[in-house]
$ cat run39.pdb   # PDB, C-alpha atoms
ATOM      1  CA  MET A   1      11.182  -9.861  23.113  1.00  0.00           C
ATOM      2  CA  THR A   2       8.269 -12.286  22.975  1.00  0.00           C
ATOM      3  CA  LEU A   3       6.394  -9.981  20.619  1.00  0.00           C
ATOM      4  CA  LEU A   4       9.428  -9.685  18.349  1.00  0.00           C
ATOM      5  CA  HIS A   5       9.911 -13.450  18.357  1.00  0.00           C
ATOM      6  CA  ASP A   6       6.255 -14.149  17.591  1.00  0.00           C
ATOM      7  CA  THR A   7       6.167 -11.489  14.883  1.00  0.00           C
ATOM      8  CA  GLY A   8       9.283 -12.968  13.311  1.00  0.00           C
ATOM      9  CA  LEU A   9       7.709 -16.423  13.228  1.00  0.00           C
ATOM     10  CA  VAL A  10       4.530 -15.202  11.559  1.00  0.00           C
ATOM     11  CA  TYR A  11       6.456 -12.913   9.206  1.00  0.00           C
ATOM     12  CA  GLY A  12       8.815 -15.695   8.135  1.00  0.00           C
ATOM     13  CA  ARG A  13       5.974 -18.136   7.508  1.00  0.00           C
ATOM     14  CA  TYR A  14       4.051 -15.801   5.218  1.00  0.00           C
ATOM     15  CA  LEU A  15       7.116 -14.339   3.519  1.00  0.00           C
ATOM     16  CA  ARG A  16       8.249 -17.827   2.504  1.00  0.00           C
ATOM     17  CA  GLN A  17       4.832 -18.436   1.011  1.00  0.00           C
ATOM     18  CA  SER A  18       5.037 -15.203  -0.991  1.00  0.00           C
ATOM     19  CA  LEU A  19       8.572 -15.801  -2.251  1.00  0.00           C
ATOM     20  CA  ARG A  20       7.650 -19.280  -3.449  1.00  0.00           C
ATOM     21  CA  SER A  21       5.036 -17.689  -5.721  1.00  0.00           C
ATOM     22  CA  ARG A  22       7.258 -15.629  -7.999  1.00  0.00           C
ATOM     23  CA  PHE A  23       4.499 -15.387 -10.585  1.00  0.00           C
ATOM     24  CA  ALA A  24       2.212 -13.633  -8.098  1.00  0.00           C
ATOM     25  CA  LEU A  25       5.083 -11.317  -7.083  1.00  0.00           C
ATOM     26  CA  LEU A  26       5.626 -10.202 -10.662  1.00  0.00           C
ATOM     27  CA  PHE A  27       1.933 -10.128 -11.563  1.00  0.00           C
ATOM     28  CA  GLY A  28       1.230  -7.748  -8.680  1.00  0.00           C
ATOM     29  CA  VAL A  29       3.351  -5.042 -10.305  1.00  0.00           C
ATOM     30  CA  LEU A  30       1.737  -5.528 -13.724  1.00  0.00           C
ATOM     31  CA  MET A  31      -1.028  -2.892 -13.488  1.00  0.00           C
ATOM     32  CA  PRO A  32       1.191   0.059 -12.463  1.00  0.00           C
ATOM     33  CA  LEU A  33       3.766  -1.133 -15.007  1.00  0.00           C
ATOM     34  CA  LEU A  34       1.137  -0.949 -17.757  1.00  0.00           C
ATOM     35  CA  TYR A  35       0.270   2.579 -16.632  1.00  0.00           C
ATOM     36  CA  LEU A  36       3.969   3.410 -16.758  1.00  0.00           C
ATOM     37  CA  VAL A  37       4.473   2.053 -20.278  1.00  0.00           C
ATOM     38  CA  PHE A  38       1.234   3.139 -21.949  1.00  0.00           C
ATOM     39  CA  PHE A  39       0.220   6.242 -19.973  1.00  0.00           C
ATOM     40  CA  GLY A  40       3.583   7.744 -19.033  1.00  0.00           C
ATOM     41  CA  PRO A  41       4.692   8.657 -22.588  1.00  0.00           C
ATOM     42  CA  LEU A  42       1.462  10.637 -23.066  1.00  0.00           C
ATOM     43  CA  LEU A  43       2.560  13.047 -20.323  1.00  0.00           C
ATOM     44  CA  THR A  44       6.051  13.714 -21.670  1.00  0.00           C
ATOM     45  CA  GLY A  45       6.537  17.415 -22.182  1.00  0.00           C
ATOM     46  CA  LEU A  46       3.122  18.416 -20.827  1.00  0.00           C
ATOM     47  CA  PRO A  47       2.940  21.155 -18.145  1.00  0.00           C
ATOM     48  CA  LEU A  48       1.741  19.350 -15.029  1.00  0.00           C
ATOM     49  CA  GLY A  49       1.767  22.282 -12.662  1.00  0.00           C
ATOM     50  CA  GLY A  50       4.810  21.385 -10.592  1.00  0.00           C
ATOM     51  CA  PRO A  51       8.591  21.100 -10.633  1.00  0.00           C
ATOM     52  CA  GLY A  52      10.312  18.149 -12.206  1.00  0.00           C
ATOM     53  CA  SER A  53       9.597  15.990 -15.225  1.00  0.00           C
ATOM     54  CA  SER A  54       6.397  14.116 -15.980  1.00  0.00           C
ATOM     55  CA  TRP A  55       8.070  10.934 -14.740  1.00  0.00           C
ATOM     56  CA  GLN A  56       8.747  12.560 -11.366  1.00  0.00           C
ATOM     57  CA  VAL A  57       5.014  13.294 -11.157  1.00  0.00           C
ATOM     58  CA  LEU A  58       3.705   9.946 -12.413  1.00  0.00           C
ATOM     59  CA  VAL A  59       6.016   7.411 -10.766  1.00  0.00           C
ATOM     60  CA  PRO A  60       5.323   8.423  -7.115  1.00  0.00           C
ATOM     61  CA  GLY A  61       1.602   8.091  -7.807  1.00  0.00           C
ATOM     62  CA  LEU A  62       2.074   4.661  -9.376  1.00  0.00           C
ATOM     63  CA  LEU A  63       4.092   3.479  -6.380  1.00  0.00           C
ATOM     64  CA  LEU A  64       1.313   4.501  -4.003  1.00  0.00           C
ATOM     65  CA  GLN A  65      -1.244   2.954  -6.336  1.00  0.00           C
ATOM     66  CA  LEU A  66       0.678  -0.302  -6.023  1.00  0.00           C
ATOM     67  CA  GLY A  67       0.408  -0.163  -2.235  1.00  0.00           C
ATOM     68  CA  LEU A  68      -3.184   1.077  -2.289  1.00  0.00           C
ATOM     69  CA  PHE A  69      -4.714  -1.665  -4.395  1.00  0.00           C
ATOM     70  CA  GLY A  70      -2.420  -4.461  -3.261  1.00  0.00           C
ATOM     71  CA  ALA A  71      -2.772  -3.825   0.475  1.00  0.00           C
ATOM     72  CA  LEU A  72      -6.526  -3.241   0.402  1.00  0.00           C
ATOM     73  CA  PHE A  73      -7.081  -6.682  -1.115  1.00  0.00           C
ATOM     74  CA  ALA A  74      -4.663  -8.445   1.265  1.00  0.00           C
ATOM     75  CA  GLY A  75      -7.579  -9.503   3.469  1.00  0.00           C
ATOM     76  CA  PHE A  76      -8.687 -12.093   0.935  1.00  0.00           C
ATOM     77  CA  MET A  77      -6.030 -14.391   2.413  1.00  0.00           C
ATOM     78  CA  ILE A  78      -7.671 -14.210   5.846  1.00  0.00           C
ATOM     79  CA  ILE A  79     -11.017 -15.223   4.345  1.00  0.00           C
ATOM     80  CA  ILE A  80      -9.367 -18.224   2.693  1.00  0.00           C
ATOM     81  CA  GLU A  81      -7.577 -19.169   5.921  1.00  0.00           C
ATOM     82  CA  LYS A  82     -10.816 -18.948   7.889  1.00  0.00           C
ATOM     83  CA  GLY A  83     -12.414 -21.378   5.451  1.00  0.00           C
ATOM     84  CA  GLN A  84      -9.471 -23.780   5.726  1.00  0.00           C
ATOM     85  CA  GLY A  85      -9.408 -23.682   9.540  1.00  0.00           C
ATOM     86  CA  VAL A  86      -5.982 -22.009   9.750  1.00  0.00           C
ATOM     87  CA  VAL A  87      -7.302 -19.110  11.806  1.00  0.00           C
ATOM     88  CA  GLU A  88      -9.051 -21.479  14.187  1.00  0.00           C
ATOM     89  CA  ARG A  89      -5.822 -23.401  14.800  1.00  0.00           C
ATOM     90  CA  MET A  90      -3.947 -20.150  15.472  1.00  0.00           C
ATOM     91  CA  ARG A  91      -6.462 -19.269  18.164  1.00  0.00           C
ATOM     92  CA  VAL A  92      -5.183 -21.998  20.476  1.00  0.00           C
ATOM     93  CA  THR A  93      -1.530 -20.932  20.248  1.00  0.00           C
ATOM     94  CA  PRO A  94       0.077 -18.541  22.767  1.00  0.00           C
ATOM     95  CA  VAL A  95       1.234 -16.224  19.958  1.00  0.00           C
ATOM     96  CA  SER A  96       0.433 -12.561  20.564  1.00  0.00           C
ATOM     97  CA  ARG A  97      -2.576 -11.272  18.628  1.00  0.00           C
ATOM     98  CA  LEU A  98      -0.543  -8.198  17.708  1.00  0.00           C
ATOM     99  CA  ALA A  99       2.166 -10.473  16.311  1.00  0.00           C
ATOM    100  CA  LEU A 100      -0.419 -12.289  14.188  1.00  0.00           C
ATOM    101  CA  LEU A 101      -1.279  -8.972  12.585  1.00  0.00           C
ATOM    102  CA  LEU A 102       2.222  -7.457  12.427  1.00  0.00           C
ATOM    103  CA  GLY A 103       3.737 -10.566  10.866  1.00  0.00           C
ATOM    104  CA  ARG A 104       1.215 -10.409   8.052  1.00  0.00           C
ATOM    105  CA  VAL A 105       1.395  -6.673   7.370  1.00  0.00           C
ATOM    106  CA  LEU A 106       5.206  -6.604   7.509  1.00  0.00           C
ATOM    107  CA  ARG A 107       5.238  -9.414   4.952  1.00  0.00           C
ATOM    108  CA  ASP A 108       2.926  -7.337   2.766  1.00  0.00           C
ATOM    109  CA  ALA A 109       5.143  -4.270   3.188  1.00  0.00           C
ATOM    110  CA  THR A 110       8.212  -6.293   2.180  1.00  0.00           C
ATOM    111  CA  VAL A 111       6.513  -7.676  -0.923  1.00  0.00           C
ATOM    112  CA  PHE A 112       5.209  -4.310  -2.106  1.00  0.00           C
ATOM    113  CA  VAL A 113       8.531  -2.564  -1.524  1.00  0.00           C
ATOM    114  CA  LEU A 114      10.198  -5.259  -3.649  1.00  0.00           C
ATOM    115  CA  GLN A 115       7.604  -4.652  -6.347  1.00  0.00           C
ATOM    116  CA  ALA A 116       8.167  -0.891  -5.994  1.00  0.00           C
ATOM    117  CA  VAL A 117      11.883  -1.443  -6.639  1.00  0.00           C
ATOM    118  CA  LEU A 118      11.050  -3.285  -9.862  1.00  0.00           C
ATOM    119  CA  LEU A 119       8.713  -0.484 -10.925  1.00  0.00           C
ATOM    120  CA  VAL A 120      11.327   2.220 -10.245  1.00  0.00           C
ATOM    121  CA  LEU A 121      13.934   0.293 -12.232  1.00  0.00           C
ATOM    122  CA  ALA A 122      11.537   0.102 -15.168  1.00  0.00           C
ATOM    123  CA  ALA A 123      10.816   3.828 -14.811  1.00  0.00           C
ATOM    124  CA  VAL A 124      14.534   4.650 -14.832  1.00  0.00           C
ATOM    125  CA  ALA A 125      14.866   2.704 -18.073  1.00  0.00           C
ATOM    126  CA  MET A 126      12.071   4.846 -19.548  1.00  0.00           C
ATOM    127  CA  GLY A 127      13.568   8.173 -18.477  1.00  0.00           C
ATOM    128  CA  LEU A 128      12.951   8.764 -14.772  1.00  0.00           C
ATOM    129  CA  ARG A 129      15.688  10.738 -13.049  1.00  0.00           C
ATOM    130  CA  ALA A 130      15.319  11.251  -9.296  1.00  0.00           C
ATOM    131  CA  PRO A 131      17.698  11.590  -6.324  1.00  0.00           C
ATOM    132  CA  VAL A 132      18.488   8.348  -4.520  1.00  0.00           C
ATOM    133  CA  ALA A 133      17.366   9.840  -1.203  1.00  0.00           C
ATOM    134  CA  GLY A 134      14.016  10.759  -2.715  1.00  0.00           C
ATOM    135  CA  VAL A 135      13.528   7.264  -4.098  1.00  0.00           C
ATOM    136  CA  LEU A 136      14.318   5.717  -0.710  1.00  0.00           C
ATOM    137  CA  ILE A 137      11.877   8.082   1.000  1.00  0.00           C
ATOM    138  CA  GLY A 138       9.279   6.946  -1.518  1.00  0.00           C
ATOM    139  CA  PHE A 139       9.843   3.318  -0.541  1.00  0.00           C
ATOM    140  CA  GLY A 140       9.278   4.330   3.074  1.00  0.00           C
ATOM    141  CA  PHE A 141       5.929   5.869   2.192  1.00  0.00           C
ATOM    142  CA  VAL A 142       4.936   2.723   0.280  1.00  0.00           C
ATOM    143  CA  ALA A 143       5.799   0.590   3.322  1.00  0.00           C
ATOM    144  CA  LEU A 144       3.811   2.799   5.716  1.00  0.00           C
ATOM    145  CA  LEU A 145       0.816   2.898   3.388  1.00  0.00           C
ATOM    146  CA  THR A 146       0.926  -0.876   3.048  1.00  0.00           C
ATOM    147  CA  VAL A 147       1.036  -1.379   6.813  1.00  0.00           C
ATOM    148  CA  SER A 148      -1.957   0.937   7.219  1.00  0.00           C
ATOM    149  CA  LEU A 149      -4.196  -0.452   4.515  1.00  0.00           C
ATOM    150  CA  ALA A 150      -3.273  -4.108   5.038  1.00  0.00           C
ATOM    151  CA  SER A 151      -4.148  -3.785   8.730  1.00  0.00           C
ATOM    152  CA  LEU A 152      -7.568  -2.368   7.866  1.00  0.00           C
ATOM    153  CA  SER A 153      -8.035  -4.976   5.145  1.00  0.00           C
ATOM    154  CA  TYR A 154      -7.341  -7.840   7.557  1.00  0.00           C
ATOM    155  CA  ALA A 155      -9.661  -6.267  10.120  1.00  0.00           C
ATOM    156  CA  LEU A 156     -12.468  -6.081   7.560  1.00  0.00           C
ATOM    157  CA  ALA A 157     -11.807  -9.639   6.429  1.00  0.00           C
ATOM    158  CA  MET A 158     -12.201 -10.855  10.004  1.00  0.00           C
ATOM    159  CA  LYS A 159     -15.655  -9.266  10.123  1.00  0.00           C
ATOM    160  CA  VAL A 160     -17.087 -10.543   6.841  1.00  0.00           C
ATOM    161  CA  ARG A 161     -17.953 -14.116   5.986  1.00  0.00           C
ATOM    162  CA  THR A 162     -17.468 -14.400   2.229  1.00  0.00           C
ATOM    163  CA  PRO A 163     -15.360 -12.846  -0.562  1.00  0.00           C
ATOM    164  CA  GLN A 164     -18.614 -11.570  -2.056  1.00  0.00           C
ATOM    165  CA  GLU A 165     -18.981  -9.270   0.938  1.00  0.00           C
ATOM    166  CA  PHE A 166     -15.339  -8.272   1.051  1.00  0.00           C
ATOM    167  CA  GLY A 167     -14.762  -7.370  -2.609  1.00  0.00           C
ATOM    168  CA  PRO A 168     -17.466  -4.687  -3.062  1.00  0.00           C
ATOM    169  CA  ALA A 169     -16.509  -3.031   0.238  1.00  0.00           C
ATOM    170  CA  VAL A 170     -12.875  -2.738  -0.843  1.00  0.00           C
ATOM    171  CA  ASN A 171     -13.816  -1.448  -4.300  1.00  0.00           C
ATOM    172  CA  ALA A 172     -16.012   1.206  -2.708  1.00  0.00           C
ATOM    173  CA  VAL A 173     -12.907   2.525  -0.908  1.00  0.00           C
ATOM    174  CA  SER A 174     -10.178   1.978  -3.487  1.00  0.00           C
ATOM    175  CA  MET A 175     -11.644   3.783  -6.498  1.00  0.00           C
ATOM    176  CA  PRO A 176     -12.568   7.077  -4.764  1.00  0.00           C
ATOM    177  CA  SER A 177      -9.208   6.972  -2.990  1.00  0.00           C
ATOM    178  CA  MET A 178      -7.343   6.705  -6.278  1.00  0.00           C
ATOM    179  CA  LEU A 179      -9.413   9.380  -8.037  1.00  0.00           C
ATOM    180  CA  LEU A 180      -9.319  11.921  -5.203  1.00  0.00           C
ATOM    181  CA  SER A 181      -5.684  11.454  -4.182  1.00  0.00           C
ATOM    182  CA  GLY A 182      -4.140  12.676  -7.413  1.00  0.00           C
ATOM    183  CA  LEU A 183      -2.237   9.456  -7.968  1.00  0.00           C
ATOM    184  CA  MET A 184      -2.200   9.812 -11.731  1.00  0.00           C
ATOM    185  CA  LEU A 185      -2.066  13.618 -12.055  1.00  0.00           C
ATOM    186  CA  PRO A 186      -1.754  16.466  -9.539  1.00  0.00           C
ATOM    187  CA  MET A 187      -5.128  17.576  -8.212  1.00  0.00           C
ATOM    188  CA  THR A 188      -4.063  21.192  -8.726  1.00  0.00           C
ATOM    189  CA  LEU A 189      -4.774  20.655 -12.432  1.00  0.00           C
ATOM    190  CA  GLY A 190      -8.476  20.255 -11.671  1.00  0.00           C
ATOM    191  CA  PRO A 191     -11.109  22.798 -10.677  1.00  0.00           C
ATOM    192  CA  GLY A 192     -10.818  24.440  -7.290  1.00  0.00           C
ATOM    193  CA  TRP A 193     -13.685  22.497  -5.702  1.00  0.00           C
ATOM    194  CA  LEU A 194     -12.118  19.165  -6.668  1.00  0.00           C
ATOM    195  CA  ASP A 195      -8.701  20.217  -5.367  1.00  0.00           C
ATOM    196  CA  ALA A 196     -10.283  21.311  -2.075  1.00  0.00           C
ATOM    197  CA  LEU A 197     -12.250  18.056  -1.774  1.00  0.00           C
ATOM    198  CA  SER A 198      -9.107  15.996  -2.314  1.00  0.00           C
ATOM    199  CA  HIS A 199      -7.565  17.434   0.865  1.00  0.00           C
ATOM    200  CA  ALA A 200     -10.043  15.327   2.851  1.00  0.00           C
ATOM    201  CA  MET A 201      -8.324  12.226   1.449  1.00  0.00           C
ATOM    202  CA  PRO A 202      -5.263  11.306   3.572  1.00  0.00           C
ATOM    203  CA  PHE A 203      -3.464   9.687   0.632  1.00  0.00           C
ATOM    204  CA  ARG A 204      -3.286  13.096  -1.064  1.00  0.00           C
ATOM    205  CA  TYR A 205      -0.665  14.185   1.484  1.00  0.00           C
ATOM    206  CA  LEU A 206       1.473  11.110   0.827  1.00  0.00           C
ATOM    207  CA  VAL A 207       1.384  11.725  -2.918  1.00  0.00           C
ATOM    208  CA  ASP A 208       2.413  15.368  -2.566  1.00  0.00           C
ATOM    209  CA  ALA A 209       5.245  14.445  -0.185  1.00  0.00           C
ATOM    210  CA  MET A 210       6.595  11.754  -2.506  1.00  0.00           C
ATOM    211  CA  ARG A 211       6.552  14.086  -5.482  1.00  0.00           C
ATOM    212  CA  ASP A 212       8.546  16.628  -3.503  1.00  0.00           C
ATOM    213  CA  ALA A 213      11.028  13.902  -2.555  1.00  0.00           C
ATOM    214  CA  TYR A 214      11.447  12.863  -6.195  1.00  0.00           C
ATOM    215  CA  VAL A 215      12.573  16.372  -7.144  1.00  0.00           C
ATOM    216  CA  GLY A 216      14.924  16.632  -4.165  1.00  0.00           C
ATOM    217  CA  ARG A 217      12.752  18.884  -1.988  1.00  0.00           C
ATOM    218  CA  TYR A 218      12.750  17.421   1.526  1.00  0.00           C
ATOM    219  CA  ALA A 219      12.183  20.368   3.910  1.00  0.00           C
ATOM    220  CA  THR A 220       8.705  21.314   2.690  1.00  0.00           C
ATOM    221  CA  ALA A 221       5.233  21.543   4.191  1.00  0.00           C
ATOM    222  CA  HIS A 222       4.130  18.715   1.897  1.00  0.00           C
ATOM    223  CA  MET A 223       6.849  16.470   3.321  1.00  0.00           C
ATOM    224  CA  LEU A 224       5.937  17.331   6.903  1.00  0.00           C
ATOM    225  CA  TYR A 225       2.235  16.699   6.386  1.00  0.00           C
ATOM    226  CA  GLY A 226       2.940  13.522   4.437  1.00  0.00           C
ATOM    227  CA  VAL A 227       5.103  12.025   7.181  1.00  0.00           C
ATOM    228  CA  LEU A 228       2.645  12.980   9.930  1.00  0.00           C
ATOM    229  CA  VAL A 229      -0.344  11.557   8.059  1.00  0.00           C
ATOM    230  CA  ALA A 230       1.496   8.347   7.092  1.00  0.00           C
ATOM    231  CA  VAL A 231       2.698   7.630  10.633  1.00  0.00           C
ATOM    232  CA  ALA A 232      -0.641   8.535  12.243  1.00  0.00           C
ATOM    233  CA  LEU A 233      -2.581   6.412   9.756  1.00  0.00           C
ATOM    234  CA  ALA A 234      -0.269   3.441  10.327  1.00  0.00           C
ATOM    235  CA  ALA A 235      -0.560   3.700  14.123  1.00  0.00           C
ATOM    236  CA  LEU A 236      -4.358   4.021  14.004  1.00  0.00           C
ATOM    237  CA  SER A 237      -4.770   1.171  11.520  1.00  0.00           C
ATOM    238  CA  VAL A 238      -2.556  -1.241  13.467  1.00  0.00           C
ATOM    239  CA  THR A 239      -4.472  -0.387  16.646  1.00  0.00           C
ATOM    240  CA  VAL A 240      -7.808  -1.056  14.962  1.00  0.00           C
ATOM    241  CA  GLY A 241      -6.537  -4.248  13.347  1.00  0.00           C
ATOM    242  CA  THR A 242      -5.129  -5.592  16.618  1.00  0.00           C
ATOM    243  CA  ARG A 243      -8.380  -4.895  18.456  1.00  0.00           C
ATOM    244  CA  VAL A 244     -10.364  -6.746  15.804  1.00  0.00           C
ATOM    245  CA  PHE A 245      -7.960  -9.700  15.914  1.00  0.00           C
ATOM    246  CA  ARG A 246      -8.391  -9.899  19.668  1.00  0.00           C
ATOM    247  CA  THR A 247     -12.165  -9.637  19.748  1.00  0.00           C
ATOM    248  CA  ALA A 248     -12.563 -11.998  16.822  1.00  0.00           C
ATOM    249  CA  GLY A 249     -10.239 -14.527  18.444  1.00  0.00           C
ATOM    250  CA  ALA A 250      -7.933 -14.720  15.438  1.00  0.00           C
TER     251      ALA A 250
END

$ encode --input "run39.pdb" --output "structure tokens"
Amino acid sequence: MTLLHDTGLVYGRYLRQSLRSRFALLFGVLMPLLYLVFFGPLLTGLPLGGPGSSWQVLVPGLLLQLGLFGALFAGFMIIIEKGQGVVERMRVTPVSRLALLLGRVLRDATVFVLQAVLLVLAAVAMGLRAPVAGVLIGFGFVALLTVSLASLSYALAMKVRTPQEFGPAVNAVSMPSMLLSGLMLPMTLGPGWLDALSHAMPFRYLVDAMRDAYVGRYATAHMLYGVLVAVALAALSVTVGTRVFRTAGA
């Protein structure tokens, strides 16, 4: 009960900050929205090597791209708070270190799911047709991915001293992750060696599972692997993030 109470306090504090900045909330969805508007029509009618329309292939990837890039850069806030002394003041409170992390990452998950809803609504206006259950499953994957990557992002931010150290490290992870996960197009369209290499990227399994969900296929191997990888990655990331928060005295 104490953990839930502490998490709720931290979550409420940061969620209020995010909701007060409506411009930032809308701006965060801008990049995947541009991909949707300017890249999506290029795929209409093209054979993409799977069931469903081009929108059912593209939109799941854009949703995960939203969580990937947004959550990985969430740690910038910790760096700013360290400079302002906010983290130091939190050290002297009795709030659980796990709650300090969970409150932040749950706020991030809430924000990115809200942005995902906006993106799906825009996609529906452009021609996306997907089962409601599949769309809701997709939101679940976005939330789990956000929890995972935000936890790791905050952990990294606690270890570095300046944004100049944080930014290049995140870019070194985000770009290969996007290219090797098949976010934009299925990796099966590429050569065999590239498709095989992409299976070493955990996000690949989330993408495949979401694309199955968007065509109404729920009892598949892709869905099973996607759920297992998403849950395992979230559990591991929260564990790592909590340990860093404790040792760093956040």

$ atom_distance --input "run39.pdb" --atom1 "CA of Val105 (chain A)" --atom2 "CA of Leu33 (chain A)"
23.2 Å

$ resolve_selection --input "run39.pdb" --expression "the PyMOL selection byres ((chain A and resi 103) around 10)" --output "list of chain:residue names"
A:Leu4, A:Asp6, A:Thr7, A:Gly8, A:Leu9, A:Val10, A:Tyr11, A:Gly12, A:Arg13, A:Tyr14, A:Leu15, A:Leu98, A:Ala99, A:Leu100, A:Leu101, A:Leu102, A:Arg104, A:Val105, A:Leu106, A:Arg107, A:Asp108

$ atom_distance --input "run39.pdb" --atom1 "CA of Ala213 (chain A)" --atom2 "CA of Leu136 (chain A)"
9.0 Å

$ closest_residue --input "run39.pdb" --among "A:Ala209, A:Val147, A:Ala169, A:Leu30" --to "Thr239 (chain A)" --atoms "only C-alpha atoms"
A:Val147

$ atom_distance --input "run39.pdb" --atom1 "CA of His199 (chain A)" --atom2 "CA of Leu114 (chain A)"
29.2 Å

$ closest_residue --input "run39.pdb" --among "A:Pro32, A:Gly83, A:Pro191, A:Pro202" --to "Thr162 (chain A)" --atoms "all atoms listed in the file"
A:Gly83

$ resolve_selection --input "run39.pdb" --expression "the PyMOL selection byres ((chain A and resi 178) around 10)" --output "MDAnalysis selection string"
chainID A and resid 61 64:65 68:69 173:177 179:184 201 203:204

$ axis_aligned_box --input "run39.pdb" --around "region 207-218 of chain A" --padding-each-side "3 Å" --output "JSON"
{"center_x": 8.2, "center_y": 15.3, "center_z": -2.8, "size_x": 19.5, "size_y": 13.2, "size_z": 14.7}

$ residues_around --input "run39.pdb" --residues "Leu58 (chain A)" --least-positions-apart "5" --cutoff "12 Å" --atoms "all atoms listed in the file" --output "PyMOL selection string"
chain A and resi 32-33+35-44+46+48+50+52-53+63-65+119-120+123+127-128+182-186+207-208+210-211+214

$ closest_residue --input "run39.pdb" --among "A:Ile137, A:Met158, A:Pro94, A:Trp55" --to "Lys82 (chain A)" --atoms "only C-alpha atoms"
A:Met158

$ resolve_selection --input "run39.pdb" --expression "the PyMOL selection byres ((chain A and resi 163) around 12)" --output "list in words"
Phe73, Ala74, Gly75, Phe76, Met77, Ile78, Ile79, Ile80, Glu81, Lys82, Gly83, Leu156, Ala157, Met158, Lys159, Val160, Arg161, Thr162, Gln164, Glu165, Phe166, Gly167, Pro168, Ala169 and Val170 of chain A

$ write_last_selection --input "run39.pdb" --atoms "C-alpha atoms" --output "mmCIF file, in the coordinates of the input"
data_model
loop_
_atom_site.group_PDB
_atom_site.id
_atom_site.type_symbol
_atom_site.label_atom_id
_atom_site.label_comp_id
_atom_site.auth_asym_id
_atom_site.auth_seq_id
_atom_site.Cartn_x
_atom_site.Cartn_y
_atom_site.Cartn_z
ATOM 1 C CA PHE A 73 -7.081 -6.682 -1.115
ATOM 2 C CA ALA A 74 -4.663 -8.445 1.265
ATOM 3 C CA GLY A 75 -7.579 -9.503 3.469
ATOM 4 C CA PHE A 76 -8.687 -12.093 0.935
ATOM 5 C CA MET A 77 -6.030 -14.391 2.413
ATOM 6 C CA ILE A 78 -7.671 -14.210 5.846
ATOM 7 C CA ILE A 79 -11.017 -15.223 4.345
ATOM 8 C CA ILE A 80 -9.367 -18.224 2.693
ATOM 9 C CA GLU A 81 -7.577 -19.169 5.921
ATOM 10 C CA LYS A 82 -10.816 -18.948 7.889
ATOM 11 C CA GLY A 83 -12.414 -21.378 5.451
ATOM 12 C CA LEU A 156 -12.468 -6.081 7.560
ATOM 13 C CA ALA A 157 -11.807 -9.639 6.429
ATOM 14 C CA MET A 158 -12.201 -10.855 10.004
ATOM 15 C CA LYS A 159 -15.655 -9.266 10.123
ATOM 16 C CA VAL A 160 -17.087 -10.543 6.841
ATOM 17 C CA ARG A 161 -17.953 -14.116 5.986
ATOM 18 C CA THR A 162 -17.468 -14.400 2.229
ATOM 19 C CA GLN A 164 -18.614 -11.570 -2.056
ATOM 20 C CA GLU A 165 -18.981 -9.270 0.938
ATOM 21 C CA PHE A 166 -15.339 -8.272 1.051
ATOM 22 C CA GLY A 167 -14.762 -7.370 -2.609
ATOM 23 C CA PRO A 168 -17.466 -4.687 -3.062
ATOM 24 C CA ALA A 169 -16.509 -3.031 0.238
ATOM 25 C CA VAL A 170 -12.875 -2.738 -0.843
#

$ residues_near_point --input "run39.pdb" --point "(-11.5, -3.4, 15.1)" --cutoff "7 Å" --atoms "only C-alpha atoms" --output "PyMOL selection string"
chain A and resi 155+240-244

$ closest_residue --input "run39.pdb" --among "A:Leu145, A:Val86, A:Leu118, A:Ala125" --to "Gly70 (chain A)" --atoms "only C-alpha atoms"
A:Leu145

$ closest_residue --input "run39.pdb" --among "A:Leu26, A:Ala235, A:Ala71, A:Leu62" --to "Ser153 (chain A)" --atoms "all atoms listed in the file"
A:Ala71

$ closest_residue --input "run39.pdb" --among "A:Ala109, A:Val231, A:Ala219, A:Val59" --to "Val142 (chain A)" --atoms "only C-alpha atoms"
A:Ala109

$ decode --input "run39.pdb" --residues "region 78-91 of chain A" --atoms "C-alpha atoms" --output "PDB file, in the first residue's frame"
ATOM      1  CA  ILE A  78      16.381  13.584 -14.820  1.00  0.00           C
ATOM      2  CA  ILE A  79      19.496  15.431 -15.988  1.00  0.00           C
ATOM      3  CA  ILE A  80      17.636  18.737 -15.721  1.00  0.00           C
ATOM      4  CA  GLU A  81      16.289  17.838 -12.272  1.00  0.00           C
ATOM      5  CA  LYS A  82      19.761  16.894 -11.062  1.00  0.00           C
ATOM      6  CA  GLY A  83      21.016  20.313 -12.126  1.00  0.00           C
ATOM      7  CA  GLN A  84      18.132  22.060 -10.355  1.00  0.00           C
ATOM      8  CA  GLY A  85      18.577  20.085  -7.120  1.00  0.00           C
ATOM      9  CA  VAL A  86      15.212  18.298  -7.382  1.00  0.00           C
ATOM     10  CA  VAL A  87      16.799  14.859  -7.214  1.00  0.00           C
ATOM     11  CA  GLU A  88      18.845  15.855  -4.186  1.00  0.00           C
ATOM     12  CA  ARG A  89      15.723  16.999  -2.332  1.00  0.00           C
ATOM     13  CA  MET A  90      13.959  13.721  -3.161  1.00  0.00           C
ATOM     14  CA  ARG A  91      16.812  11.798  -1.576  1.00  0.00           C
TER      15      ARG A  91
END
